[in-house]
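*Asks:* This is query-v8.cif (mmCIF, C-alpha atoms and all ligand atoms).
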data_input
loop_
_atom_site.label_atom_id
_atom_site.label_comp_id
_atom_site.auth_asym_id
_atom_site.auth_seq_id
_atom_site.Cartn_x
_atom_site.Cartn_y
_atom_site.Cartn_z
CA MET A 1 -21.09 11.27 30.52
CA LEU A 2 -23.58 11.64 27.67
CA LYS A 3 -25.96 9.27 29.47
CA GLU A 4 -25.60 11.34 32.63
CA ILE A 5 -26.40 14.52 30.72
CA TRP A 6 -29.54 13.02 29.16
CA ALA A 7 -30.62 11.58 32.50
CA SER A 8 -30.14 14.89 34.32
CA LYS A 9 -32.16 16.74 31.63
CA TRP A 10 -29.83 19.71 32.27
CA VAL A 11 -28.04 20.31 28.99
CA THR A 12 -26.79 23.90 29.24
CA ASN A 13 -26.81 27.04 31.50
CA ASN A 14 -24.22 26.35 34.18
CA GLY A 15 -24.75 22.57 34.44
CA GLN A 16 -22.76 20.09 36.51
CA PHE A 17 -20.08 19.39 33.87
CA TYR A 18 -19.74 23.09 33.13
CA LYS A 19 -19.02 23.76 36.81
CA GLN A 20 -16.53 20.90 36.96
CA LEU A 21 -14.78 22.20 33.86
CA GLU A 22 -14.39 25.70 35.31
CA LYS A 23 -12.83 24.26 38.46
CA ALA A 24 -10.53 21.87 36.60
CA MET A 25 -9.48 24.58 34.19
CA CYS A 26 -8.56 27.04 36.97
CA GLU A 27 -6.38 24.33 38.52
CA TYR A 28 -4.73 23.32 35.26
CA LEU A 29 -4.10 26.87 34.10
CA LYS A 30 -3.12 28.21 37.56
CA VAL A 31 -5.61 31.09 37.37
CA PRO A 32 -8.01 32.30 40.09
CA TYR A 33 -11.23 32.74 38.08
CA ILE A 34 -12.46 31.75 34.65
CA SER A 35 -15.68 32.01 32.68
CA ILE A 36 -16.05 29.56 29.82
CA PHE A 37 -17.65 30.70 26.57
CA THR A 38 -18.92 29.01 23.42
CA ASN A 39 -16.00 30.26 21.32
CA GLY A 40 -12.89 32.41 21.54
CA THR A 41 -14.34 35.47 19.81
CA LEU A 42 -17.14 36.40 22.20
CA PRO A 43 -14.77 36.60 25.21
CA LEU A 44 -12.89 39.34 23.32
CA LEU A 45 -16.12 41.24 22.67
CA THR A 46 -17.26 40.76 26.24
CA ALA A 47 -13.90 41.75 27.76
CA LEU A 48 -14.06 45.14 26.05
CA GLN A 49 -17.69 45.56 27.13
CA ALA A 50 -16.99 44.50 30.73
CA LEU A 51 -14.21 47.07 31.06
CA ARG A 52 -16.34 49.74 29.35
CA VAL A 53 -13.65 50.38 26.78
CA THR A 54 -14.39 53.28 24.41
CA GLY A 55 -12.52 55.36 21.82
CA GLU A 56 -9.32 53.85 20.44
CA VAL A 57 -7.81 50.46 21.19
CA ILE A 58 -4.20 49.68 20.32
CA THR A 59 -3.62 46.26 18.79
CA THR A 60 -1.61 44.45 16.12
CA PRO A 61 -2.61 43.56 12.56
CA TYR A 62 -0.71 40.25 12.72
CA SER A 63 -3.47 38.12 14.23
CA PHE A 64 -6.71 36.37 13.42
CA VAL A 65 -9.43 38.81 12.31
CA ALA A 66 -11.47 38.18 15.47
CA THR A 67 -9.02 40.30 17.50
CA THR A 68 -9.72 43.49 15.54
CA HIS A 69 -13.36 42.60 14.85
CA SER A 70 -14.04 42.55 18.60
CA ILE A 71 -12.84 46.17 18.84
CA TRP A 72 -15.05 47.16 15.90
CA TRP A 73 -18.09 45.39 17.34
CA ASN A 74 -17.72 47.51 20.49
CA GLY A 75 -17.88 50.68 18.42
CA CYS A 76 -14.20 51.43 19.08
CA GLN A 77 -11.46 52.27 16.61
CA PRO A 78 -8.59 49.80 16.22
CA VAL A 79 -5.14 51.41 16.08
CA PHE A 80 -2.52 49.13 14.58
CA VAL A 81 1.00 48.97 15.97
CA ASP A 82 3.84 46.97 14.46
CA ILE A 83 5.16 43.70 15.88
CA LYS A 84 8.54 42.39 16.98
CA GLU A 85 10.39 39.94 14.81
CA ASP A 86 11.32 37.64 17.72
CA THR A 87 7.78 36.89 18.97
CA CYS A 88 5.36 38.33 16.37
CA GLY A 89 3.80 40.17 19.34
CA ILE A 90 3.24 43.91 19.75
CA ASP A 91 6.41 46.03 19.89
CA PRO A 92 6.19 47.91 23.22
CA ASP A 93 8.61 50.54 21.92
CA ARG A 94 6.00 51.62 19.38
CA ILE A 95 2.98 51.76 21.69
CA GLU A 96 3.47 55.23 23.17
CA ALA A 97 3.62 56.90 19.75
CA ALA A 98 0.17 55.42 18.98
CA ILE A 99 -1.50 56.73 22.15
CA THR A 100 -3.90 59.67 21.74
CA PRO A 101 -6.37 61.30 24.18
CA ARG A 102 -8.97 58.81 22.88
CA THR A 103 -6.94 55.68 23.68
CA THR A 104 -8.44 53.60 26.49
CA ALA A 105 -7.02 50.11 26.07
CA ILE A 106 -4.33 47.89 24.57
CA MET A 107 -5.16 44.48 23.14
CA PRO A 108 -1.91 42.54 22.59
CA VAL A 109 -1.85 39.01 21.17
CA HIS A 110 0.39 36.17 22.39
CA CYS A 111 0.74 35.09 18.78
CA TYR A 112 1.62 31.36 18.37
CA GLY A 113 1.65 31.28 22.20
CA MET A 114 4.87 33.34 22.22
CA PRO A 115 4.58 35.53 25.32
CA VAL A 116 4.76 39.28 24.64
CA ASP A 117 6.60 41.73 26.93
CA MET A 118 3.91 41.86 29.59
CA GLU A 119 5.86 43.97 32.10
CA GLU A 120 6.72 46.66 29.58
CA ILE A 121 3.14 46.76 28.33
CA GLN A 122 1.81 47.10 31.89
CA THR A 123 4.24 49.94 32.64
CA ILE A 124 2.92 51.89 29.64
CA ALA A 125 -0.70 51.04 30.51
CA ASP A 126 -0.21 52.26 34.09
CA LYS A 127 1.47 55.45 32.93
CA TYR A 128 -1.47 56.38 30.67
CA GLY A 129 -4.28 54.73 32.65
CA LEU A 130 -5.10 52.17 29.96
CA LYS A 131 -6.76 48.77 30.30
CA VAL A 132 -4.94 45.71 28.94
CA ILE A 133 -6.85 42.78 27.45
CA TYR A 134 -4.70 39.92 26.21
CA ASP A 135 -5.86 37.89 23.27
CA ALA A 136 -4.32 34.68 24.57
CA ALA A 137 -6.26 32.44 22.16
CA HIS A 138 -2.99 30.61 21.36
CA ALA A 139 -1.55 30.61 24.88
CA PHE A 140 -3.31 27.72 26.65
CA GLY A 141 -0.93 26.43 29.32
CA VAL A 142 1.86 28.88 28.44
CA GLU A 143 3.86 29.92 31.49
CA VAL A 144 6.73 32.31 32.17
CA ASN A 145 8.82 31.50 35.26
CA GLY A 146 6.17 29.00 36.33
CA LYS A 147 3.31 31.54 36.15
CA SER A 148 0.51 31.52 33.62
CA VAL A 149 0.60 34.37 31.10
CA LEU A 150 -3.18 34.50 31.56
CA ASN A 151 -2.75 36.35 34.85
CA ALA A 152 -1.25 39.43 33.16
CA GLY A 153 -3.29 42.53 32.31
CA ASP A 154 -6.91 43.20 33.27
CA LEU A 155 -8.38 40.25 31.39
CA ALA A 156 -7.14 37.46 29.11
CA THR A 157 -9.08 35.42 26.57
CA LEU A 158 -8.65 31.87 25.30
CA SER A 159 -9.93 29.90 22.33
CA PHE A 160 -10.77 26.19 22.54
CA HIS A 161 -11.50 25.83 18.84
CA ALA A 162 -10.95 22.39 17.32
CA THR A 163 -7.64 23.52 15.78
CA LYS A 164 -6.13 24.55 19.12
CA VAL A 165 -3.79 22.56 21.35
CA TYR A 166 -6.68 22.06 23.80
CA ASN A 167 -10.18 22.09 22.42
CA THR A 168 -13.84 21.71 23.29
CA LEU A 169 -14.73 21.50 19.55
CA GLU A 170 -15.79 25.16 19.72
CA GLY A 171 -15.15 27.08 22.90
CA GLY A 172 -13.24 29.80 24.65
CA ALA A 173 -12.85 31.59 27.97
CA LEU A 174 -12.15 34.78 29.83
CA VAL A 175 -9.69 34.77 32.73
CA MET A 176 -10.12 37.39 35.44
CA HIS A 177 -8.57 38.32 38.79
CA ASP A 178 -11.57 38.69 41.11
CA GLU A 179 -14.96 37.25 41.90
CA GLN A 180 -16.89 40.44 41.18
CA THR A 181 -15.53 40.69 37.64
CA LYS A 182 -16.34 37.03 37.10
CA LYS A 183 -19.91 37.63 38.22
CA ARG A 184 -20.32 40.53 35.82
CA ILE A 185 -18.83 38.57 32.95
CA ASP A 186 -21.05 35.59 33.72
CA TYR A 187 -24.02 37.99 33.43
CA LEU A 188 -22.72 39.44 30.17
CA LYS A 189 -22.40 36.05 28.50
CA ASN A 190 -26.00 35.24 29.54
CA PHE A 191 -27.77 38.21 27.87
CA GLY A 192 -26.94 40.40 30.88
CA PHE A 193 -29.29 38.45 33.19
CA ALA A 194 -28.47 38.97 36.87
CA GLY A 195 -31.34 36.80 38.14
CA GLU A 196 -34.70 35.66 36.85
CA THR A 197 -36.11 39.08 35.99
CA GLU A 198 -33.23 41.52 36.07
CA VAL A 199 -31.08 42.44 33.06
CA VAL A 200 -28.12 44.65 33.95
CA ALA A 201 -26.49 45.16 30.54
CA PRO A 202 -26.98 44.36 26.85
CA GLY A 203 -25.21 41.02 27.12
CA ILE A 204 -24.78 38.32 24.53
CA ASN A 205 -25.43 34.57 24.52
CA SER A 206 -22.19 32.64 24.85
CA LYS A 207 -23.03 29.97 27.38
CA MET A 208 -21.16 26.67 27.16
CA ASP A 209 -23.36 23.56 26.97
CA GLU A 210 -23.00 20.33 28.92
CA VAL A 211 -21.93 18.13 26.01
CA ARG A 212 -18.94 20.29 25.14
CA SER A 213 -18.14 20.81 28.83
CA ALA A 214 -17.97 17.04 29.31
CA TYR A 215 -15.83 16.74 26.17
CA GLY A 216 -13.59 19.48 27.57
CA LEU A 217 -13.20 17.66 30.88
CA LEU A 218 -12.10 14.51 29.06
CA ASN A 219 -9.73 16.40 26.80
CA LEU A 220 -8.05 18.14 29.72
CA LYS A 221 -6.67 14.74 30.75
CA TYR A 222 -4.76 14.43 27.48
CA VAL A 223 -3.46 17.95 27.00
CA ASP A 224 -0.07 17.39 28.68
CA LYS A 225 0.54 14.35 26.49
CA ALA A 226 -0.48 16.32 23.40
CA ILE A 227 1.92 19.15 24.30
CA ALA A 228 4.78 16.68 24.88
CA LYS A 229 4.18 15.04 21.49
CA ARG A 230 4.02 18.42 19.78
CA GLN A 231 7.30 19.35 21.42
CA HIS A 232 8.81 16.26 19.79
CA VAL A 233 7.48 17.36 16.39
CA ALA A 234 8.90 20.86 16.92
CA GLN A 235 12.29 19.38 17.81
CA ARG A 236 12.32 17.27 14.65
CA TYR A 237 11.46 20.30 12.52
CA ARG A 238 14.13 22.43 14.23
CA GLU A 239 16.89 19.83 13.87
CA ALA A 240 16.21 19.46 10.16
CA LEU A 241 15.71 23.15 9.36
CA ARG A 242 18.51 24.60 11.49
CA ASP A 243 20.99 24.84 8.61
CA VAL A 244 18.59 25.57 5.75
CA PRO A 245 19.48 29.00 4.31
CA GLY A 246 16.57 31.46 4.25
CA VAL A 247 14.37 29.54 6.71
CA ARG A 248 13.92 31.08 10.16
CA PHE A 249 11.92 29.65 13.08
CA PHE A 250 11.47 30.25 16.80
CA ASP A 251 13.48 28.39 19.39
CA ASP A 252 12.13 27.89 22.89
CA LEU A 253 12.54 30.94 25.10
CA PRO A 254 14.29 30.57 28.46
CA ASN A 255 11.96 30.06 31.46
CA VAL A 256 8.92 29.65 29.21
CA ARG A 257 6.64 26.63 29.12
CA HIS A 258 5.58 26.56 25.48
CA ASN A 259 2.52 24.72 24.17
CA TYR A 260 3.75 24.15 20.55
CA ILE A 261 0.37 25.13 19.16
CA TYR A 262 1.91 26.15 15.81
CA PHE A 263 5.27 25.78 14.11
CA PRO A 264 5.71 28.95 12.05
CA ILE A 265 8.65 29.33 9.70
CA PHE A 266 9.65 32.47 7.82
CA VAL A 267 10.92 32.05 4.28
CA ASN A 268 13.40 34.61 2.92
CA ALA A 269 12.93 34.19 -0.83
CA GLU A 270 16.37 35.46 -1.83
CA GLU A 271 18.28 33.13 0.49
CA PHE A 272 15.96 30.14 0.17
CA GLY A 273 15.61 30.35 -3.61
CA GLN A 274 11.81 30.21 -3.65
CA THR A 275 9.16 32.62 -2.44
CA ARG A 276 6.91 31.66 0.45
CA ASP A 277 3.99 31.28 -1.95
CA GLU A 278 5.97 29.12 -4.38
CA VAL A 279 6.79 26.60 -1.66
CA TYR A 280 3.36 26.95 -0.01
CA PHE A 281 1.49 26.07 -3.23
CA LYS A 282 3.90 23.21 -4.03
CA MET A 283 3.09 21.77 -0.63
CA LYS A 284 -0.63 22.34 -1.13
CA ASP A 285 -0.62 20.66 -4.56
CA ALA A 286 1.02 17.63 -2.94
CA GLY A 287 -1.62 17.53 -0.19
CA VAL A 288 0.67 18.90 2.55
CA LEU A 289 -1.36 21.62 4.21
CA GLY A 290 0.59 24.45 5.75
CA ARG A 291 -1.17 27.65 6.79
CA ARG A 292 -0.26 31.22 5.96
CA TYR A 293 -1.04 32.45 9.49
CA PHE A 294 -1.23 35.46 9.51
CA TYR A 295 -1.56 36.56 5.92
CA PRO A 296 -3.03 38.88 4.76
CA LEU A 297 -2.64 41.35 7.63
CA ILE A 298 -5.92 42.37 9.26
CA SER A 299 -5.05 45.98 8.38
CA SER A 300 -5.29 45.14 4.68
CA PHE A 301 -8.92 43.92 4.78
CA SER A 302 -11.50 46.32 3.31
CA THR A 303 -13.06 47.21 6.69
CA TYR A 304 -9.78 48.39 8.14
CA ARG A 305 -7.45 49.43 5.34
CA GLY A 306 -8.72 53.04 5.36
CA LEU A 307 -7.56 53.59 8.95
CA PRO A 308 -4.50 55.84 9.22
CA SER A 309 -2.63 53.22 11.28
CA ALA A 310 -3.27 50.58 8.58
CA ASN A 311 -0.71 52.12 6.22
CA PRO A 312 1.94 49.42 5.57
CA VAL A 313 4.64 52.08 6.08
CA ASN A 314 3.54 52.06 9.73
CA LEU A 315 3.82 48.25 9.86
CA PRO A 316 7.10 47.18 8.21
CA VAL A 317 7.81 44.07 10.32
CA ALA A 318 4.26 42.75 10.23
CA THR A 319 4.07 43.37 6.47
CA ARG A 320 7.29 41.45 5.79
CA LEU A 321 6.52 38.54 8.12
CA ALA A 322 3.00 38.13 6.70
CA ASN A 323 4.67 37.57 3.32
CA GLU A 324 7.22 35.10 4.70
CA VAL A 325 5.25 32.92 7.08
CA ILE A 326 4.06 29.35 6.73
CA CYS A 327 2.85 27.40 9.74
CA LEU A 328 3.99 23.86 9.07
CA PRO A 329 1.58 21.02 9.81
CA MET A 330 1.53 20.53 13.59
CA HIS A 331 -0.45 17.91 15.46
CA HIS A 332 0.30 15.49 18.26
CA ASP A 333 -0.46 12.56 15.95
CA LEU A 334 2.03 13.50 13.20
CA SER A 335 4.18 10.46 12.45
CA ASP A 336 7.89 10.61 11.62
CA GLU A 337 6.88 9.79 8.05
CA ASP A 338 4.49 12.78 7.98
CA ILE A 339 7.21 15.04 9.36
CA ASN A 340 9.67 13.88 6.70
CA ARG A 341 7.08 14.52 3.99
CA VAL A 342 6.84 18.14 5.15
CA LEU A 343 10.61 18.52 5.47
CA ASP A 344 11.18 17.26 1.92
CA PHE A 345 9.99 20.67 0.68
CA PHE A 346 12.77 22.44 2.55
CA VAL A 347 15.72 20.10 3.05
CA LYS A 348 17.58 19.12 -0.10
C1 LIG A 401 -5.53 35.09 17.92
C2 LIG A 401 -6.94 34.62 17.86
N1 LIG A 401 -7.89 35.32 18.51
C3 LIG A 401 -9.17 34.92 18.52
C4 LIG A 401 -9.59 33.79 17.86
C5 LIG A 401 -11.03 33.42 17.84
O1 LIG A 401 -11.28 32.20 18.44
P1 LIG A 401 -12.52 31.28 17.99
O2 LIG A 401 -12.21 30.73 16.65
O3 LIG A 401 -12.58 30.23 19.06
O4 LIG A 401 -13.74 32.17 18.00
C6 LIG A 401 -8.64 33.02 17.17
C7 LIG A 401 -9.08 31.80 16.47
O5 LIG A 401 -8.44 31.03 15.93
C8 LIG A 401 -7.29 33.44 17.16
O6 LIG A 401 -6.35 32.75 16.49
#
Translate the structure described by the file into structure tokens.
Ligand SMILES: Cc1ncc(COP(=O)(O)O)c(C=O)c1O

*Replies:*
Amino acid sequence: MLKEIWASKWVTNNGQFYKQLEKAMCEYLKVPYISIFTNGTLPLLTALQALRVTGEVITTPYSFVATTHSIWWNGCQPVFVDIKEDTCGIDPDRIEAAITPRTTAIMPVHCYGMPVDMEEIQTIADKYGLKVIYDAAHAFGVEVNGKSVLNAGDLATLSFHATKVYNTLEGGALVMHDEQTKKRIDYLKNFGFAGETEVVAPGINSKMDEVRSAYGLLNLKYVDKAIAKRQHVAQRYREALRDVPGVRFFDDLPNVRHNYIYFPIFVNAEEFGQTRDEVYFKMKDAGVLGRRYFYPLISSFSTYRGLPSANPVNLPVATRLANEVICLPMHHDLSDEDINRVLDFFVK
């Protein structure tokens, strides 16, 4: 493939491997249209721009900073709403109370690839005339009742960062429902160019190059195997942790195809006998790298903590879970020995 790219002298801007990747990705993900970006952050920025979102955007603080940053970059105000304990996604029952005359959109996150309540969110969005943009960075290949979660809402974004279950080293995408929206988004990720001499909007540069497109095409062949192996790791973790007091984790949800991108556990210090940080740093000192995703909450960073909705009193579930969570090491190449090394910190 590399030789072909050099020979063609076409290394970026909608090249042959890019086009193949778009097609293959639509088929794999069961979505009608996709536009592939150079990372998973710029699709969020571009989604808000494409839908002309203004004013306030409702989101959750329990995510990667890029979710809220994208709202800020568009000159909008993030409004934080608490999450549900069973998915770490936005709590639909708390959305209406956060809506004001300035609200124009909701940006929920399928955190850890756990699908949020898409129907309930859409009902609220329809009632108030709001747009819905899903940050589905973690939800590659996730399906509910055989349908991709990426088809919900107005737009959905993906990240193909190296740490994700499917990756193009760096990369991301926007999934849309119709050809016209795809065309506009393709313009927006190419500086707003709609032809050689016409610029229709202040777009950004987020075009995917040929080398990473080719890499992505190759990687797509292995993603099912990677997911199956991760499922095995998740099963091993679950079997061993099921009866450990003070350690909670997610089981598979009925009718959901999970992608096992992360394996978060929640440590209740009183029942487990150690705080999350005590066990986290013990692991770290021994070279076992868990991740405190997502701690601290986005709402506690200096840019956002002054917002009225950032008050921890408004966010009790997110605040508690951010202090309890550790994502255990998760990779399709983890050996049984590796898994046991991780479990030694939890199973006596
Ligand atoms: C929930 C979420 N949204 C957005 C992003 C941004 O993606 P990227 O790192 O590809 O820019 C990430 C990255 O990890 C993420 O976890």

*Asks:* Between A:Pro308, A:Gly246, A:Pro329, A:Pro316, which residue has the minimum interatomic distance to Lys284 in chain A, considering only C-alpha atoms?

*Replies:*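 Of all the options, A:Pro329 lies closest to Lys284 in chain A.
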
*Asks:* Between CA of Thr163 in chain A and CA of Phe301 in chain A, what distance in Å does the model show, to one decimal?

*Replies:*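 About the pair CA of Thr163 in chain A and CA of Phe301 in chain A: they are 23.2 Å apart.
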
*Asks:* Considering all atoms listed in the file, state which residue in the set A:Leu169, A:Val31, A:Ile71, A:Val53 is at the smallest distance from Arg212 in chain A.

*Replies:*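 Smallest distance to Arg212 in chain A is found for A:Leu169.
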
*Asks:* With distances taken over only C-alpha atoms, which of A:Tyr304, A:Tyr237, A:Tyr28, A:Phe346 is nearest to Gly273 in chain A?

*Replies:*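 Result for the nearest residue to Gly273 in chain A: A:Phe346.
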
*Asks:* Which protein, DNA or RNA residues have an atom within 7 Å of ligand LIG 401 (chain A), counting all atoms listed in the file, as a list in words?

*Replies:*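 The neighbouring residues of ligand LIG 401 (chain A) are, in order, Asn39, Gly40, Thr41, Leu42, Ser63, Phe64, Ala66, Thr67, Val109, Cys111, Asp135, Ala136, Ala137, His138, Ser159, Phe160, His161, Glu170, Gly171 and Gly172 of chain A.
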
*Asks:* May I ask for the distance between CA of Leu289 in chain A and CA of Ala228 in chain A, given in Å to one decimal place?

*Replies:*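 Distance between the two atoms: 22.1 Å.
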
*Asks:* For a cut-off of 12 Å around (15.7, 22.5, 22.7), file coordinates, pick out all residues using only C-alpha atoms and list them as a PDB file with C-alpha atoms, in the frame of the given file.

*Replies:*
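result-v8.pdb, freshly written:
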ATOM      1  CA  GLN A 231       7.300  19.350  21.420  1.00  0.00           C
ATOM      2  CA  HIS A 232       8.810  16.260  19.790  1.00  0.00           C
ATOM      3  CA  VAL A 233       7.480  17.360  16.390  1.00  0.00           C
ATOM      4  CA  ALA A 234       8.900  20.860  16.920  1.00  0.00           C
ATOM      5  CA  GLN A 235      12.290  19.380  17.810  1.00  0.00           C
ATOM      6  CA  ARG A 236      12.320  17.270  14.650  1.00  0.00           C
ATOM      7  CA  TYR A 237      11.460  20.300  12.520  1.00  0.00           C
ATOM      8  CA  ARG A 238      14.130  22.430  14.230  1.00  0.00           C
ATOM      9  CA  GLU A 239      16.890  19.830  13.870  1.00  0.00           C
ATOM     10  CA  ARG A 242      18.510  24.600  11.490  1.00  0.00           C
ATOM     11  CA  PHE A 250      11.470  30.250  16.800  1.00  0.00           C
ATOM     12  CA  ASP A 251      13.480  28.390  19.390  1.00  0.00           C
ATOM     13  CA  ASP A 252      12.130  27.890  22.890  1.00  0.00           C
ATOM     14  CA  LEU A 253      12.540  30.940  25.100  1.00  0.00           C
ATOM     15  CA  PRO A 254      14.290  30.570  28.460  1.00  0.00           C
ATOM     16  CA  VAL A 256       8.920  29.650  29.210  1.00  0.00           C
ATOM     17  CA  ARG A 257       6.640  26.630  29.120  1.00  0.00           C
ATOM     18  CA  HIS A 258       5.580  26.560  25.480  1.00  0.00           C
TER      19      HIS A 258
END

*Asks:* Find the residues around range 220-222 of chain A up to 9 Å (only C-alpha atoms counted), leave out those fewer than 6 positions away in its own chain, and share them as a list in words.

*Replies:*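 In the requested format, the answer is Leu21, Ala24, Met25, Tyr28, Tyr166 and Asn167 of chain A.
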
*Asks:* For Tyr18 in chain A, work out the shell of residues within 9 Å, counting all atoms listed in the file and skipping chain neighbours fewer than 2 positions away, then give it as a ChimeraX atom specification.

*Replies:* /A:12-16,20-23,36,208-214,217

*Asks:* In Å, with one decimal, what is the gap from CA of Val79 in chain A to CA of Tyr260 in chain A?

*Replies:*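 CA of Tyr260 in chain A lies 29.0 Å from CA of Val79 in chain A.
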
*Asks:* To box range 214-226 of chain A, take all atoms listed in the file, fit an axis-aligned box, add 5 Å on each side, and give centre and edge lengths in Å to one decimal, as lines of an AutoDock Vina configuration file.

*Replies:*
center_x = -8.7
center_y = 16.9
center_z = 27.1
size_x = 28.5
size_y = 15.1
size_z = 17.5

*Asks:* Measuring between all atoms listed in the file, which one of A:Ile124, A:Asp82, A:Ser35, A:His110 shows the shortest distance to Glu96 in chain A?

*Replies:* A:Ile124

*Asks:* Measuring between all atoms listed in the file, which one of A:Gly129, A:Gly203, A:Pro101, A:Pro61 shows the shortest distance to Ala318 in chain A?

*Replies:*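 Comparing A:Gly129, A:Gly203, A:Pro101, A:Pro61 against Ala318 in chain A, the winner is A:Pro61.
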
*Asks:* How would range 72-84 of chain A read, as a compact mmCIF listing (two decimals), in the coordinates of the input, once N, CA, C and O atoms are built in?

*Replies:*
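Once everything was written out, this is part-v2.txt:
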# COMPACT_ATOMS: atom_id res chain seq x y z
N TRP A 72 -14.06 46.54 16.78
CA TRP A 72 -15.05 47.16 15.90
C TRP A 72 -16.47 46.93 16.42
O TRP A 72 -17.30 47.84 16.45
N TRP A 73 -16.76 45.73 16.83
CA TRP A 73 -18.09 45.39 17.34
C TRP A 73 -18.47 46.24 18.56
O TRP A 73 -19.64 46.46 18.85
N ASN A 74 -17.45 46.67 19.32
CA ASN A 74 -17.72 47.51 20.49
C ASN A 74 -17.78 48.99 20.14
O ASN A 74 -17.81 49.84 21.03
N GLY A 75 -17.77 49.28 18.85
CA GLY A 75 -17.88 50.68 18.42
C GLY A 75 -16.60 51.46 18.67
O GLY A 75 -16.62 52.69 18.73
N CYS A 76 -15.48 50.77 18.84
CA CYS A 76 -14.20 51.43 19.08
C CYS A 76 -13.37 51.40 17.80
O CYS A 76 -13.65 50.64 16.88
N GLN A 77 -12.32 52.24 17.78
CA GLN A 77 -11.46 52.27 16.61
C GLN A 77 -10.17 51.51 16.88
O GLN A 77 -9.43 51.84 17.81
N PRO A 78 -9.87 50.50 16.05
CA PRO A 78 -8.59 49.80 16.22
C PRO A 78 -7.45 50.69 15.76
O PRO A 78 -7.58 51.38 14.74
N VAL A 79 -6.36 50.69 16.48
CA VAL A 79 -5.14 51.41 16.08
C VAL A 79 -4.03 50.38 16.00
O VAL A 79 -3.69 49.74 17.00
N PHE A 80 -3.51 50.19 14.79
CA PHE A 80 -2.52 49.13 14.58
C PHE A 80 -1.11 49.59 14.91
O PHE A 80 -0.69 50.68 14.50
N VAL A 81 -0.40 48.73 15.62
CA VAL A 81 1.00 48.97 15.97
C VAL A 81 1.80 47.79 15.46
O VAL A 81 1.30 46.65 15.46
N ASP A 82 3.03 48.03 15.06
CA ASP A 82 3.84 46.97 14.46
C ASP A 82 4.27 45.93 15.51
O ASP A 82 4.14 46.16 16.71
N ILE A 83 4.78 44.82 15.00
CA ILE A 83 5.16 43.70 15.88
C ILE A 83 6.68 43.55 15.93
O ILE A 83 7.40 44.16 15.16
N LYS A 84 7.11 42.69 16.86
CA LYS A 84 8.54 42.39 16.98
C LYS A 84 8.83 41.09 16.24
O LYS A 84 8.04 40.15 16.29
